[in-house]
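Engineer: Dumping the structure here so I can ask a few things about it.
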Amino acid sequence: MASAAWVYIVFWIAISCTMILFNKAVLDQMKFPYPMFLTTWHMVLATFLTQLMSKTTNMLPGVKEKKVTNETIIYQILPVAFIFAISLVLSNKAYIYLSVSYIQMLKAFTPVAVLIFSYVSGIEKSSYIELYIVTVICVGVALTSVGETYFSWIGFVFQSLGILAESSRLVLTNVLMKNLKLDPLSSLYYIAPMCALFIGTACLYFESSSLPYDRMLTSTFLITMAVNGAVAFTLNVAVVLLISNTSALVLTLAGILKDILLVVLSILVFGSPVTPLQYAGYGVALLGLNLHKEYKKNPERITHLVTYLVSCGIINSKS
């Protein structure tokens, strides 16, 4: 059972890393700076394949059980799809201006943003311990920014807005999946068509006039897009397999391992420079992320530890 879990973990990490590096290569290295076109293609393919899977497999139970009504689509799924579309475009746009390693470091702030949105929406209750932990993560992310050799304000703004959009989407999706008890692929079944419509409309307005149509009709480009789309959809399947065969905790730990691996791969594949200050900052951010994870598992133990550290050992709270 444990060996089988490792197969799903390794598969998800491999596909996730491949997807991010592939998108970076297409948008930046291949000089195709059109993230709206790329994400529209991903969502169109996801729409087609989830429709096909709903009719030929049992991997979309939420669709087969017909849990979603027209009212649910309009008032609950549509807002999630709109925010997801914004998140996809902004996050992919950032790859044109920033290195993969730095983007992964910035993404360490995502749990902080999720926490803030959860507090605002009333899903989570705040505590001073989590405030301390959030501060640690923020300091780490700030250090990575200060240490970035090729810093771009445009890329930083795109990625920061993308993180905010992604965080709000995660909170809304969490509520949606709890209320409707939808599995990830069933959620994608309903969200992908709307995302394709939103991003496709934006693509027509902002990118269609400058797209290199002659180049897009070449066999090399078509094959690249086919493989890229297949990897994007396989990533969604990998998430489903990982969640259904392990746990949310394993997904969190695998995510941290994936981020570290991506920083290393970015250095090896793209030659992205990483300064000692960035290593230190990312280490601090990862420490904060692990503290927050442990706090969710054992709040009393982490409260005792953080209180002891913050007070320099003066306060020795009893559990």
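Within each chain, counting starts at residue 1; across the structure tokens, chains are named A, B, ... in the order shown, with ligands numbered 1 upward in that order.
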Do you know which residues are at most 10 Å from A:Ile20 counting only C-alpha atoms, after dropping those on the same chain fewer than 5 positions away, and could you put them as a PDB file with N, CA and C atoms, in the first residue's frame?
Structural biologist:
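To be explicit, this is the file written out as selection_11.pdb:
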```
ATOM      1  N   ILE A  15       4.673  14.978 -13.306  1.00  0.00           N
ATOM      2  CA  ILE A  15       3.790  15.662 -14.254  1.00  0.00           C
ATOM      3  C   ILE A  15       3.689  17.144 -13.934  1.00  0.00           C
ATOM      4  N   ALA A  25       8.957  26.993 -21.123  1.00  0.00           N
ATOM      5  CA  ALA A  25       9.669  26.816 -22.392  1.00  0.00           C
ATOM      6  C   ALA A  25       8.860  27.374 -23.560  1.00  0.00           C
ATOM      7  N   ASN A  92       0.535  32.288 -15.809  1.00  0.00           N
ATOM      8  CA  ASN A  92       1.306  31.960 -17.006  1.00  0.00           C
ATOM      9  C   ASN A  92       2.000  33.187 -17.591  1.00  0.00           C
ATOM     10  N   TYR A  95       5.514  33.860 -16.241  1.00  0.00           N
ATOM     11  CA  TYR A  95       6.635  33.058 -16.732  1.00  0.00           C
ATOM     12  C   TYR A  95       7.411  33.765 -17.839  1.00  0.00           C
ATOM     13  N   VAL A 100      11.569  30.436 -13.260  1.00  0.00           N
ATOM     14  CA  VAL A 100      10.742  29.414 -12.615  1.00  0.00           C
ATOM     15  C   VAL A 100      11.090  29.308 -11.135  1.00  0.00           C
ATOM     16  N   GLN A 104       8.449  29.924  -8.011  1.00  0.00           N
ATOM     17  CA  GLN A 104       8.155  28.910  -6.999  1.00  0.00           C
ATOM     18  C   GLN A 104       8.370  29.454  -5.599  1.00  0.00           C
ATOM     19  N   VAL A 231      -0.201  16.947 -21.380  1.00  0.00           N
ATOM     20  CA  VAL A 231       0.445  17.032 -20.059  1.00  0.00           C
ATOM     21  C   VAL A 231      -0.446  17.804 -19.090  1.00  0.00           C
ATOM     22  N   ALA A 232      -1.051  18.897 -19.581  1.00  0.00           N
ATOM     23  CA  ALA A 232      -1.927  19.707 -18.730  1.00  0.00           C
ATOM     24  C   ALA A 232      -3.105  18.891 -18.210  1.00  0.00           C
ATOM     25  N   LEU A 262      11.497  21.907  -8.296  1.00  0.00           N
ATOM     26  CA  LEU A 262      11.365  22.850  -9.414  1.00  0.00           C
ATOM     27  C   LEU A 262      12.430  23.936  -9.372  1.00  0.00           C
ATOM     28  N   SER A 266      14.919  24.331 -12.396  1.00  0.00           N
ATOM     29  CA  SER A 266      15.010  25.626 -13.070  1.00  0.00           C
ATOM     30  C   SER A 266      16.458  26.053 -13.238  1.00  0.00           C
TER      31      SER A 266
END
```
Engineer: For A:Tyr282, find every residue with an atom within 8 Å (counting only C-alpha atoms), except residues of its own chain fewer than 3 positions away, and show them as a PyMOL selection string.
Structural biologist: chain A and resi 105+140-141+143-144+278-279+285-286
Engineer: For the selection you just gave me, I'd like the residues written to a file as a PDB file, in the first residue's frame, keeping N, CA, C and O atoms.
Structural biologist:
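What landed in result.pdb:
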```
ATOM      1  N   MET A 105       9.367  30.311  -5.444  1.00  0.00           N
ATOM      2  CA  MET A 105       9.611  30.925  -4.146  1.00  0.00           C
ATOM      3  C   MET A 105       8.463  31.858  -3.764  1.00  0.00           C
ATOM      4  O   MET A 105       8.018  31.881  -2.610  1.00  0.00           O
ATOM      5  N   GLY A 140      10.315  35.295   4.717  1.00  0.00           N
ATOM      6  CA  GLY A 140      11.045  34.426   3.787  1.00  0.00           C
ATOM      7  C   GLY A 140      10.834  34.821   2.340  1.00  0.00           C
ATOM      8  O   GLY A 140      11.797  34.922   1.561  1.00  0.00           O
ATOM      9  N   VAL A 141       9.576  35.063   1.971  1.00  0.00           N
ATOM     10  CA  VAL A 141       9.258  35.467   0.592  1.00  0.00           C
ATOM     11  C   VAL A 141       9.891  36.819   0.268  1.00  0.00           C
ATOM     12  O   VAL A 141      10.392  37.040  -0.838  1.00  0.00           O
ATOM     13  N   LEU A 143      12.646  38.033   1.496  1.00  0.00           N
ATOM     14  CA  LEU A 143      14.082  37.823   1.298  1.00  0.00           C
ATOM     15  C   LEU A 143      14.377  37.267  -0.094  1.00  0.00           C
ATOM     16  O   LEU A 143      15.375  37.647  -0.721  1.00  0.00           O
ATOM     17  N   THR A 144      13.524  36.363  -0.585  1.00  0.00           N
ATOM     18  CA  THR A 144      13.734  35.824  -1.935  1.00  0.00           C
ATOM     19  C   THR A 144      13.610  36.922  -2.988  1.00  0.00           C
ATOM     20  O   THR A 144      14.294  36.901  -4.003  1.00  0.00           O
ATOM     21  N   GLN A 278      18.451  34.253  -1.494  1.00  0.00           N
ATOM     22  CA  GLN A 278      17.221  33.565  -1.901  1.00  0.00           C
ATOM     23  C   GLN A 278      17.124  32.178  -1.275  1.00  0.00           C
ATOM     24  O   GLN A 278      16.045  31.757  -0.861  1.00  0.00           O
ATOM     25  N   TYR A 279      18.244  31.480  -1.222  1.00  0.00           N
ATOM     26  CA  TYR A 279      18.238  30.169  -0.550  1.00  0.00           C
ATOM     27  C   TYR A 279      17.794  30.326   0.902  1.00  0.00           C
ATOM     28  O   TYR A 279      16.978  29.548   1.408  1.00  0.00           O
ATOM     29  N   ALA A 285      10.811  30.511   4.413  1.00  0.00           N
ATOM     30  CA  ALA A 285       9.420  30.336   3.975  1.00  0.00           C
ATOM     31  C   ALA A 285       8.976  28.880   4.129  1.00  0.00           C
ATOM     32  O   ALA A 285       7.855  28.611   4.580  1.00  0.00           O
ATOM     33  N   LEU A 286       9.854  27.945   3.768  1.00  0.00           N
ATOM     34  CA  LEU A 286       9.526  26.517   3.918  1.00  0.00           C
ATOM     35  C   LEU A 286       9.370  26.137   5.385  1.00  0.00           C
ATOM     36  O   LEU A 286       8.504  25.325   5.735  1.00  0.00           O
TER      37      LEU A 286
END
```
Engineer: Could you tell me how far atom CA of A:Val114 lies from atom CA of A:Ser127, in Å and to one decimal?
Structural biologist: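 So the answer is 14.8 Å.
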Engineer: Which one of A:Phe11, A:Lys55, A:Lys67, A:Ser101 sits closest to A:Phe270 if you count only C-alpha atoms?
Structural biologist: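 The shortest atom-to-atom distance to A:Phe270 comes from A:Ser101.
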Engineer: Please identify all polymer residues within 12 Å of stretch 206-223 of chain A, counting only C-alpha atoms, omitting same-chain residues fewer than 2 positions from it, and present them as a PDB file with C-alpha atoms, in the first residue's frame.
Structural biologist:
```pdb
ATOM      1  CA  VAL A  26       6.691  27.566 -24.676  1.00  0.00           C
ATOM      2  CA  MET A  30      10.129  29.322 -27.719  1.00  0.00           C
ATOM      3  CA  LYS A  31       9.194  33.021 -27.936  1.00  0.00           C
ATOM      4  CA  PHE A  32       5.451  32.431 -27.873  1.00  0.00           C
ATOM      5  CA  PRO A  33       4.307  35.020 -25.259  1.00  0.00           C
ATOM      6  CA  TYR A  34       0.570  34.324 -25.536  1.00  0.00           C
ATOM      7  CA  PRO A  35      -0.618  32.852 -22.210  1.00  0.00           C
ATOM      8  CA  MET A  36      -4.294  33.448 -23.020  1.00  0.00           C
ATOM      9  CA  PHE A  37      -4.088  31.301 -26.150  1.00  0.00           C
ATOM     10  CA  LEU A  38      -2.174  28.588 -24.287  1.00  0.00           C
ATOM     11  CA  THR A  40      -7.639  28.567 -23.692  1.00  0.00           C
ATOM     12  CA  TRP A  41      -6.232  25.516 -25.469  1.00  0.00           C
ATOM     13  CA  VAL A  89      -3.695  33.820 -17.295  1.00  0.00           C
ATOM     14  CA  ILE A 199     -10.106  33.173 -21.498  1.00  0.00           C
ATOM     15  CA  GLY A 200     -10.971  32.621 -25.164  1.00  0.00           C
ATOM     16  CA  THR A 201     -12.932  35.885 -25.254  1.00  0.00           C
ATOM     17  CA  ALA A 202     -10.010  37.725 -23.653  1.00  0.00           C
ATOM     18  CA  CYS A 203      -7.628  36.058 -26.118  1.00  0.00           C
ATOM     19  CA  LEU A 204      -9.690  37.293 -29.076  1.00  0.00           C
ATOM     20  CA  MET A 225       0.586  22.117 -28.437  1.00  0.00           C
ATOM     21  CA  ALA A 226      -0.816  18.569 -28.551  1.00  0.00           C
ATOM     22  CA  VAL A 227       1.818  17.299 -26.102  1.00  0.00           C
ATOM     23  CA  ASN A 228       1.500  20.394 -23.896  1.00  0.00           C
ATOM     24  CA  GLY A 229      -2.281  19.985 -23.710  1.00  0.00           C
ATOM     25  CA  ALA A 230      -1.951  16.278 -22.940  1.00  0.00           C
TER      26      ALA A 230
END
```
Engineer: For each of A:Cys195, A:Tyr132, A:Tyr190, A:Pro111, take the minimum atom-to-atom distance to A:Thr39, counting only C-alpha atoms, then give the residue where this is smallest.
Structural biologist: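 Of A:Cys195, A:Tyr132, A:Tyr190, A:Pro111, the one nearest A:Thr39, counting only C-alpha atoms, is A:Cys195.
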Engineer: Quick one: DSSP alpha helix (DSSP H) residues in stretch 94-235 of chain A, as a VMD selection string?
Structural biologist: chain A and resid 94 100 to 106 110 to 120 128 to 146 153 to 180 184 to 206 213 to 216 219 to 235
Engineer: By how many Å are atom CA of A:Lys296 and atom CA of A:Ile129 apart?
Structural biologist: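 Going from atom CA of A:Lys296 over to atom CA of A:Ile129 covers 11.1 Å.
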